Structures are given as C-alpha cells and as structure tokens.
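*Asks:* Got a structure here, written out as structure tokens. Questions coming.
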Protein chains: 2
Amino acid sequence: MSRSPPARIGDAVTAIDTPALVVDLDALERNLDLMANAIRGAGIALRPHAKAHKCVEIARMQIERDAAGICCQKVSEAEAFVDAGIRDVLVTNEIVGAAKLARLAALAQRAAVGVLADDEGNVAELSAAATAAGATLDVLVEVDVGAQRCGVQPGEAAARLAAAIARSPGLRLRGLHAYQGRAQHLRTADERRAAIADAVRLAALSRDAIERAGLRCPVVTGAGTGTWQLERDSGVYTELQPGSYAFMDADYGRNALAPEQHHFEHSLYVLTTVMSTPVRERAIVDAGLKALAFDSGPPLVYGRPGLAYRKASDEHGIIDVADDMPAACIGDRLWLIPGHCDPTVNLYDWMVVVRGERVEDVWAVAARGALA
Amino acid sequence: MSRSPPARIGDAVTAIDTPALVVDLDALERNLDLMANAIRGAGIALRPHAKAHKCVEIARMQIERDAAGICCQKVSEAEAFVDAGIRDVLVTNEIVGAAKLARLAALAQRAAVGVLADDEGNVAELSAAATAAGATLDVLVEVDVGAQRCGVQPGEAAARLAAAIARSPGLRLRGLHAYQGRAQHLRTADERRAAIADAVRLAALSRDAIERAGLRCPVVTGAGTGTWQLERDSGVYTELQPGSYAFMDADYGRNALAPEQHHFEHSLYVLTTVMSTPVRERAIVDAGLKALAFDSGPPLVYGRPGLAYRKASDEHGIIDVADDMPAACIGDRLWLIPGHCDPTVNLYDWMVVVRGERVEDVWAVAARGALA
C-alpha cells in the first residue's frame, strides 16, 4: 500500500511531484551538527527523539554525531528502528497490555530497550513480559515535572515506584524521565526559564528521594527543542531528548530566543503546487488537511511575501494573496514550512532529500503510521 | 512500509490492538442503505466521495447499492480505485502539470475518468494529455456556488469555459461541478437551506448559460452529507457526491437536523487504550495527533459519560474525568468518535471491520497517503 516516491535521485528539484515532503540536506546537517557540538563536552548524553523524523537515515546521522541512541513513543516505532540496526532505543511512554509488552520484551533481546512507568500495576506487567522473554528492560520512572500529562508526583511517590522497579525480576531501574512538554512552546525565554527551573528542582527532588531509598538513579532524561540548553546546564539532567531541532517548524519558530540560544534552521518543507487562481486575491494549492498537520496552525509560505496560507480542506489549501504583491499563477510551486513537523512527517511515505537544486536521495519514512 | 493489521478475522473485539480504526459494519451498512434508498427513485445519480473512506471494499458496497461510480480528489486516489476494478471515477479537483495529467489520461484508457477545470490554460493542458494518450477525459466546469475555493464565476464565465472544453480534442464536456462545501457544516437547517438555495440558483444560471451557447450540460454534480437532500430535491442537480454519510463524525453530528432529514449513525471509531491515570481527574490514552485529525475538534468518547477528550500531543490524548463519574483505569479501552472522519481515516493502513463482538474483516485503506 505504500506509494511511489515523488522523485528519483538525480532529479531536478523542479521535477518533484507534489505535494511532497522535502528535506534541505545542508540545513538538516547544520542543525544536527549544531546540536551535537552544543552537547559534546557537557558531560551528558544526546538521545534525539525519532518521533519527529521516523526515518532510519536521520537516526543514523544522529548516531554518527555521537547520539547515545534514540527515543521513540510506540513499540512499533521502536521495532522499525531496531529492525534497521539501531541498537539503543528508549520508548518515552507507558506501554500497556500483554501483547504489546511481549513485543517490547522481544525487542529487548536484540537491543537495549528502555520504557517508562508511572504505575505499580504496570511495573508488574513489564516484569512479567521481560521475564517470559528472558530479557531485561530498562525502566525509568516518569515523574510529572509540570507537563500535567503522565507521570507520578515528584519526590516520595517517584521513590516508591523506583523501589518497585528495582525489586522486579527482568527490570533494571535506570532513573527518571522528567520531560516538561508544556515549557517547550512558552514564547519568551523568561517563561521557559522559569518552567524549567521548576522542572529541574522537581527532578532533583525525585532523584534525591530515590537515592535516599538506597537505589541508584544514574539517568535523568528529558528536554525538547524549546528548552534543551536549560536542562543541559542544570547539573541534574544527564540526557537530552530534543527531536524537532532537526527540522524546526513554524511553531518552534515563534519562540523568542535569548541571545545565547542556538538558532536552528527550517530544513523541512511541504512542496505544493497552485492548482487554481479563481480570483486575484486567492490561490488554491494541492496540500490540505491530508498533507499538513494543523494542530499548531497553518504552514508558512517560504520566500513568497504577500502569500499567506489561510485555511485547509481535505486536499485544498487556500492562500490569500496581498493586493500589492505579485499574483500567484497556476503551476507555481510553493514551499510551505509546516506548523508542526512531527504529525506532518507522519502523513508521508517518503522524504525527498535535496541539496541545492538536485534530489540527492529519497528516504522512507520507515516508522510512518507506527501507532501501536 | 505498511504496518501489520491490528487484528485478524475472527478475533474478539477485545483483542484488537490499539490505537485502531474500527468500523461497525452493521451501522455502515445501514448508512449505505439509507442513502441509496433515499436517492433511488429520485431520477438522479449517487456518486459517493471516496476521499472519506479510501477503501476499495466500501466503494464496492456503494456500487452494489446502485452508485454510478465514485469521486476522488487526487490522481493517485483514482489510480488506487481503478486498479481495484472501479470503472467510473470523477476526480473532483483541478489537476495541474504534464506528469500528473499524463497519469490521469492513462487512467482514462482503462475507465471512465472525469476531472474538473476552472481555467482555459488548464483545459489546453488537459486536452494535450488526453490527445497524447489517445484517450477521452470527461471534463466538468467547476463553478463557485458559494464555497469560495476553486471555480469560475457562475453564468457567462462558466459558459465560456464550457465552450473551450467542448472545442478541445480529447475532452468531452460533461457539465457542471457545483459543490457548496461551506454549507455542509452550517449548524441550522435554515442556514443550510438558504446557502443551498443560492447554490441551486447559481448552478441553474450556469447551466442555462451553457445551453444558451448551444452546448449540452447533462450533469450538474455536487452536494455533501450536510445538504444532499436539498440538492436532491432541487430539480437542478443530477448527481450527488456525499462521502461522510458512510461513517458520520463528531462534526457532522453537531449539525441540527430538520424533522424530515435522515439520521446517519456513527460507524467509525478510533479504539484507544488508557495507558496512565496519574490523578483521578485525568486519564491518558494512546491515541493523539498521529491517530486522530483535530481540524474539527477533539473526538467524542462514546458510551462513557463523564469522560471528555480535551487535548492531544503526538501520541497522547488527555481525557478529563468528571468528579462524580467512575474513574478510568489503566487498560480501559475507549471508543472515540473522530472529529473529522476523512483525515482521520488517512492516518491508518487498516480498518478493522467488526460485527457485534467479532472482527468480521480487515480492510486496507488502499488510498491512504494518495496525495499526488
């Protein structure tokens, strides 16, 4: 059921069929280098989140740049990466149910596999699955450091769950997962700084409670593209999980950066074609709700001032054309910067990888649709 | 790259892996019957929109119930259905560019293929592609009857474009495409009635202008699940294109219906599992932005009063649990009614087809990701 790629290696960029997910390889490499260099020497690990790209080739580029492994959010995502030879995968999620846990434990026979827990009953399920497979699962206590999503409360509750993990056959207590997802898109540097200061404090409190209970807590992992420098410099986090930095997107672009913060580039685009210009002030493109995620707003139109993507239906995008700017013409190709990269990537079977004006490669989105 | 199905034929519903797209076959059949019966005898054709289901098996069920053919929105969608033996496909969109048009024309060698046009330059491109392939493309003038998306203005502009089509080799003028997309989700029956009264008037005006120019206009096609009875009874439309009626979704469910309107049932669900209950008032499920489309709001939780899906991140859904209602437990399975069926279906490789408590079939979403 997978579709043919929208381009072939060696094609001119002008020959890419649309809509297509296109990666600017120079910009991607610069983003990967920037992050690797910014963490190298800090004495902590980079474990990029592969939910953003779902692509084996990009995971390999990250590992070549000293990443300790990758993060995923689903067992089937982890399977796609382990099948491709990635040897260290952390599933940053709770996994529930005997069938899924059997698959996770089977994966741990072939790779270092970690998973989160925030419930004692789930720890018992994890232990049963690992024991049945004769495998060892690394388990991290998910602690809620302000995201208000999953996770036990910081402090003693984290230590109690850590103790349950430590005494469970087949499980190895690795430490804490302390991701402050809500802080990533706070718009000012001050807001993000305040939120992460809280998260660091709560993570430290939880780590200390675990160690007071006589357990080891070697790993404190978390952070995202919006805040990673704060966790890096916290003295508490030992591992960072940013994902979107590889691509950037319109929503991360709206974060105001402090002077010392790193500027990642947009490296991910949806290439679209104008298919109708019924009136001067409106152009219709061939990328709509099935070609772009809209949870963080519409995409930006790159390099065409006066054109604004206003509204989508299933397979149409409505572009407003400003009065005083050049009109759009049928057949014009527009480069859209997605509002949110992760769910946009998940809509495509292929990424067309361009360097300058040429298609240098075509990569499968290997973990596209890996929901289970 | 396609994933394994989340269930096998004969499985109990309780064994379906989550998240999964699940179709209630009894409800689907009742919806298909209801629409077929409501149009049979009206002297007009039903051509359901397959963008909603992207599924060959459902297209066949519609054709067994006297549908004249199906609608698609992309060439690659049309290819998926023609490859599966569907012999009459209308692409309800403008198709631009020589490569895509060559594929469309090739398809017209194997099936009756229609397409829309709203521009003379595009008509010339269509004609060149059809001529090169030695095929005939059916072409309909898209006229803007209030949707403010694609389409020429009603009346003389429609007649001018019809004349251009009629004199172009390889093209056959079939009539008018007059879809009022904006009317579909107007919430009151009166608002929808007023919008469609306008659309009918503008469609008739355009048809009359075409016929005054000495051309035939046998087809006036349009309508959706929100308004189809109005177009059916208009005396102007000759063909209806509803798609969502097969599944219904939360957004169509918010339309207030007049007494004489038909009530379609929800037949499409996303089955999800509770994976974390960190506090009593919050449960976290395994279906987020990559398992559900959110352009028309979050899904509804079916059959569990007191649970409300509030917010999604990539692979998490946050469910609010009312104080006075039973708590959610880890492992609970929830049936979600998607906000918008079309882009939700497009996230899945498979539909699990259940009758009562058993999995009766597993259908491929054959045109999933068919963007080009």
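We label chains A, B, ... in the order they appear in the structure tokens, count residues from 1 in each chain, and number ligands from 1 in the order shown.
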Would you please extract all helix (DSSP H, G or I) residues from region 192-358 of chain B, as assigned by DSSP on the backbone, and give them as number ranges by chain?

*Replies:* B: 192-212, 228-232, 244-246, 250-253, 341-345

*Asks:* Leaving out Glu77 (chain B) and any residue of its chain fewer than 3 positions from it, which residues lie within 8 Å of it when counting only C-alpha atoms, given as a PyMOL selection string?

*Replies:* chain B and resi 51+54+72-74+80-81+367+370-371

*Asks:* Selected residues, all heavy atoms, written as a PDB file, in the first residue's frame, please.

*Replies:*
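Resulting contents of result-v5.pdb:
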ATOM      1  N   LYS B  51     -12.982   9.935  -1.003  1.00  0.00           N
ATOM      2  CA  LYS B  51     -11.948  10.545  -0.158  1.00  0.00           C
ATOM      3  C   LYS B  51     -12.228  10.286   1.310  1.00  0.00           C
ATOM      4  O   LYS B  51     -11.317  10.331   2.132  1.00  0.00           O
ATOM      5  CB  LYS B  51     -11.833  12.052  -0.419  1.00  0.00           C
ATOM      6  CG  LYS B  51     -12.942  12.900   0.202  1.00  0.00           C
ATOM      7  CD  LYS B  51     -12.748  14.369  -0.111  1.00  0.00           C
ATOM      8  CE  LYS B  51     -13.927  15.225   0.359  1.00  0.00           C
ATOM      9  NZ  LYS B  51     -13.956  15.448   1.802  1.00  0.00           N
ATOM     10  N   LYS B  54     -11.425   5.949   1.361  1.00  0.00           N
ATOM     11  CA  LYS B  54     -10.194   5.498   0.695  1.00  0.00           C
ATOM     12  C   LYS B  54     -10.104   3.974   0.643  1.00  0.00           C
ATOM     13  O   LYS B  54      -8.997   3.415   0.595  1.00  0.00           O
ATOM     14  CB  LYS B  54      -8.959   6.085   1.404  1.00  0.00           C
ATOM     15  CG  LYS B  54      -8.783   7.599   1.175  1.00  0.00           C
ATOM     16  CD  LYS B  54      -7.569   8.122   1.906  1.00  0.00           C
ATOM     17  CE  LYS B  54      -7.234   9.565   1.520  1.00  0.00           C
ATOM     18  NZ  LYS B  54      -6.476   9.676   0.279  1.00  0.00           N
ATOM     19  N   CYS B  72     -13.092  11.008  -6.342  1.00  0.00           N
ATOM     20  CA  CYS B  72     -11.799  11.080  -5.660  1.00  0.00           C
ATOM     21  C   CYS B  72     -11.329  12.517  -5.738  1.00  0.00           C
ATOM     22  O   CYS B  72     -11.904  13.316  -6.478  1.00  0.00           O
ATOM     23  CB  CYS B  72     -10.750  10.237  -6.370  1.00  0.00           C
ATOM     24  SG  CYS B  72     -11.039   8.496  -6.260  1.00  0.00           S
ATOM     25  N   GLN B  73     -10.237  12.831  -5.026  1.00  0.00           N
ATOM     26  CA  GLN B  73      -9.692  14.187  -5.156  1.00  0.00           C
ATOM     27  C   GLN B  73      -8.305  14.239  -5.766  1.00  0.00           C
ATOM     28  O   GLN B  73      -7.828  15.325  -6.083  1.00  0.00           O
ATOM     29  CB  GLN B  73      -9.699  14.887  -3.796  1.00  0.00           C
ATOM     30  CG  GLN B  73     -11.080  15.445  -3.485  1.00  0.00           C
ATOM     31  CD  GLN B  73     -11.042  16.462  -2.390  1.00  0.00           C
ATOM     32  OE1 GLN B  73     -10.310  16.333  -1.432  1.00  0.00           O
ATOM     33  NE2 GLN B  73     -11.848  17.497  -2.523  1.00  0.00           N
ATOM     34  N   LYS B  74      -7.634  13.110  -5.876  1.00  0.00           N
ATOM     35  CA  LYS B  74      -6.279  13.110  -6.410  1.00  0.00           C
ATOM     36  C   LYS B  74      -6.139  12.022  -7.469  1.00  0.00           C
ATOM     37  O   LYS B  74      -6.855  11.005  -7.423  1.00  0.00           O
ATOM     38  CB  LYS B  74      -5.275  12.865  -5.269  1.00  0.00           C
ATOM     39  CG  LYS B  74      -5.214  14.003  -4.234  1.00  0.00           C
ATOM     40  CD  LYS B  74      -4.702  15.306  -4.825  1.00  0.00           C
ATOM     41  CE  LYS B  74      -4.658  16.432  -3.817  1.00  0.00           C
ATOM     42  NZ  LYS B  74      -3.380  16.595  -3.160  1.00  0.00           N
ATOM     43  N   ALA B  80      -5.679   4.117  -7.393  1.00  0.00           N
ATOM     44  CA  ALA B  80      -5.908   3.025  -6.444  1.00  0.00           C
ATOM     45  C   ALA B  80      -7.263   2.359  -6.696  1.00  0.00           C
ATOM     46  O   ALA B  80      -7.387   1.129  -6.638  1.00  0.00           O
ATOM     47  CB  ALA B  80      -5.825   3.544  -5.006  1.00  0.00           C
ATOM     48  N   PHE B  81      -8.269   3.161  -7.006  1.00  0.00           N
ATOM     49  CA  PHE B  81      -9.607   2.588  -7.203  1.00  0.00           C
ATOM     50  C   PHE B  81      -9.744   1.929  -8.580  1.00  0.00           C
ATOM     51  O   PHE B  81     -10.358   0.865  -8.697  1.00  0.00           O
ATOM     52  CB  PHE B  81     -10.683   3.659  -6.985  1.00  0.00           C
ATOM     53  CG  PHE B  81     -10.885   3.982  -5.530  1.00  0.00           C
ATOM     54  CD1 PHE B  81     -10.361   5.127  -4.960  1.00  0.00           C
ATOM     55  CD2 PHE B  81     -11.591   3.099  -4.709  1.00  0.00           C
ATOM     56  CE1 PHE B  81     -10.531   5.403  -3.610  1.00  0.00           C
ATOM     57  CE2 PHE B  81     -11.768   3.370  -3.353  1.00  0.00           C
ATOM     58  CZ  PHE B  81     -11.229   4.529  -2.806  1.00  0.00           C
ATOM     59  N   ALA B 367      -6.121   3.749  -0.473  1.00  0.00           N
ATOM     60  CA  ALA B 367      -5.670   5.053  -0.988  1.00  0.00           C
ATOM     61  C   ALA B 367      -5.129   5.954   0.123  1.00  0.00           C
ATOM     62  O   ALA B 367      -5.004   7.165  -0.063  1.00  0.00           O
ATOM     63  CB  ALA B 367      -6.798   5.749  -1.741  1.00  0.00           C
ATOM     64  N   ALA B 370      -2.481   8.813  -0.549  1.00  0.00           N
ATOM     65  CA  ALA B 370      -2.503   9.066  -2.003  1.00  0.00           C
ATOM     66  C   ALA B 370      -2.668  10.563  -2.233  1.00  0.00           C
ATOM     67  O   ALA B 370      -3.761  11.051  -2.506  1.00  0.00           O
ATOM     68  CB  ALA B 370      -3.632   8.273  -2.650  1.00  0.00           C
ATOM     69  N   LEU B 371      -1.577  11.281  -2.101  1.00  0.00           N
ATOM     70  CA  LEU B 371      -1.619  12.747  -2.114  1.00  0.00           C
ATOM     71  C   LEU B 371      -1.419  13.343  -3.496  1.00  0.00           C
ATOM     72  O   LEU B 371      -1.799  14.485  -3.736  1.00  0.00           O
ATOM     73  CB  LEU B 371      -0.492  13.291  -1.223  1.00  0.00           C
ATOM     74  CG  LEU B 371      -0.731  13.241   0.275  1.00  0.00           C
ATOM     75  CD1 LEU B 371       0.565  13.519   1.013  1.00  0.00           C
ATOM     76  CD2 LEU B 371      -1.778  14.273   0.651  1.00  0.00           C
TER      77      LEU B 371
END

*Asks:* How close does each residue of chain B get to chain A, giving the shortest atom pair and distance in Å to one decimal for every residue with an atom at most 6 Å away, counting only C-alpha atoms, sorted by chain and residue number, as a tab-separated table?

*Replies:*
residue	atom	partner	partner_atom	distance
B:Thr18	CA	A:Ala372	CA	5.8
B:Pro19	CA	A:Ala372	CA	6.0
B:Val96	CA	A:Met275	CA	5.8
B:Cys150	CA	A:Pro278	CA	5.9
B:Gly151	CA	A:Pro278	CA	5.9
B:Met275	CA	A:Val96	CA	5.8
B:Pro278	CA	A:Cys150	CA	5.9
B:Lys290	CA	A:Pro343	CA	5.7
B:Pro343	CA	A:Lys290	CA	5.7
B:Ala372	CA	A:Thr18	CA	5.7

*Asks:* Tell me, in Å to one decimal, how far CA of Ala183 (chain B) is from CA of Glu120 (chain B).

*Replies:*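 Computing the Euclidean distance for CA of Ala183 (chain B) and CA of Glu120 (chain B) yields 27.7 Å.
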
*Asks:* Could you check the closest approach to Leu90 (chain B) for each of B:Ile337, B:Ala129, B:Ala195, B:Leu240 and tell me which residue wins, using only C-alpha atoms?

*Replies:*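 Among the listed residues, B:Leu240 lies closest to Leu90 (chain B).
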
*Asks:* Can you list every residue in region 17-266 of chain A that DSSP puts in strand (DSSP E or B), as a ChimeraX atom specification?

*Replies:* /A:20-24,45-46,49,70-72,88-94,112-117,137-143,152,171-177,219-222,239-240
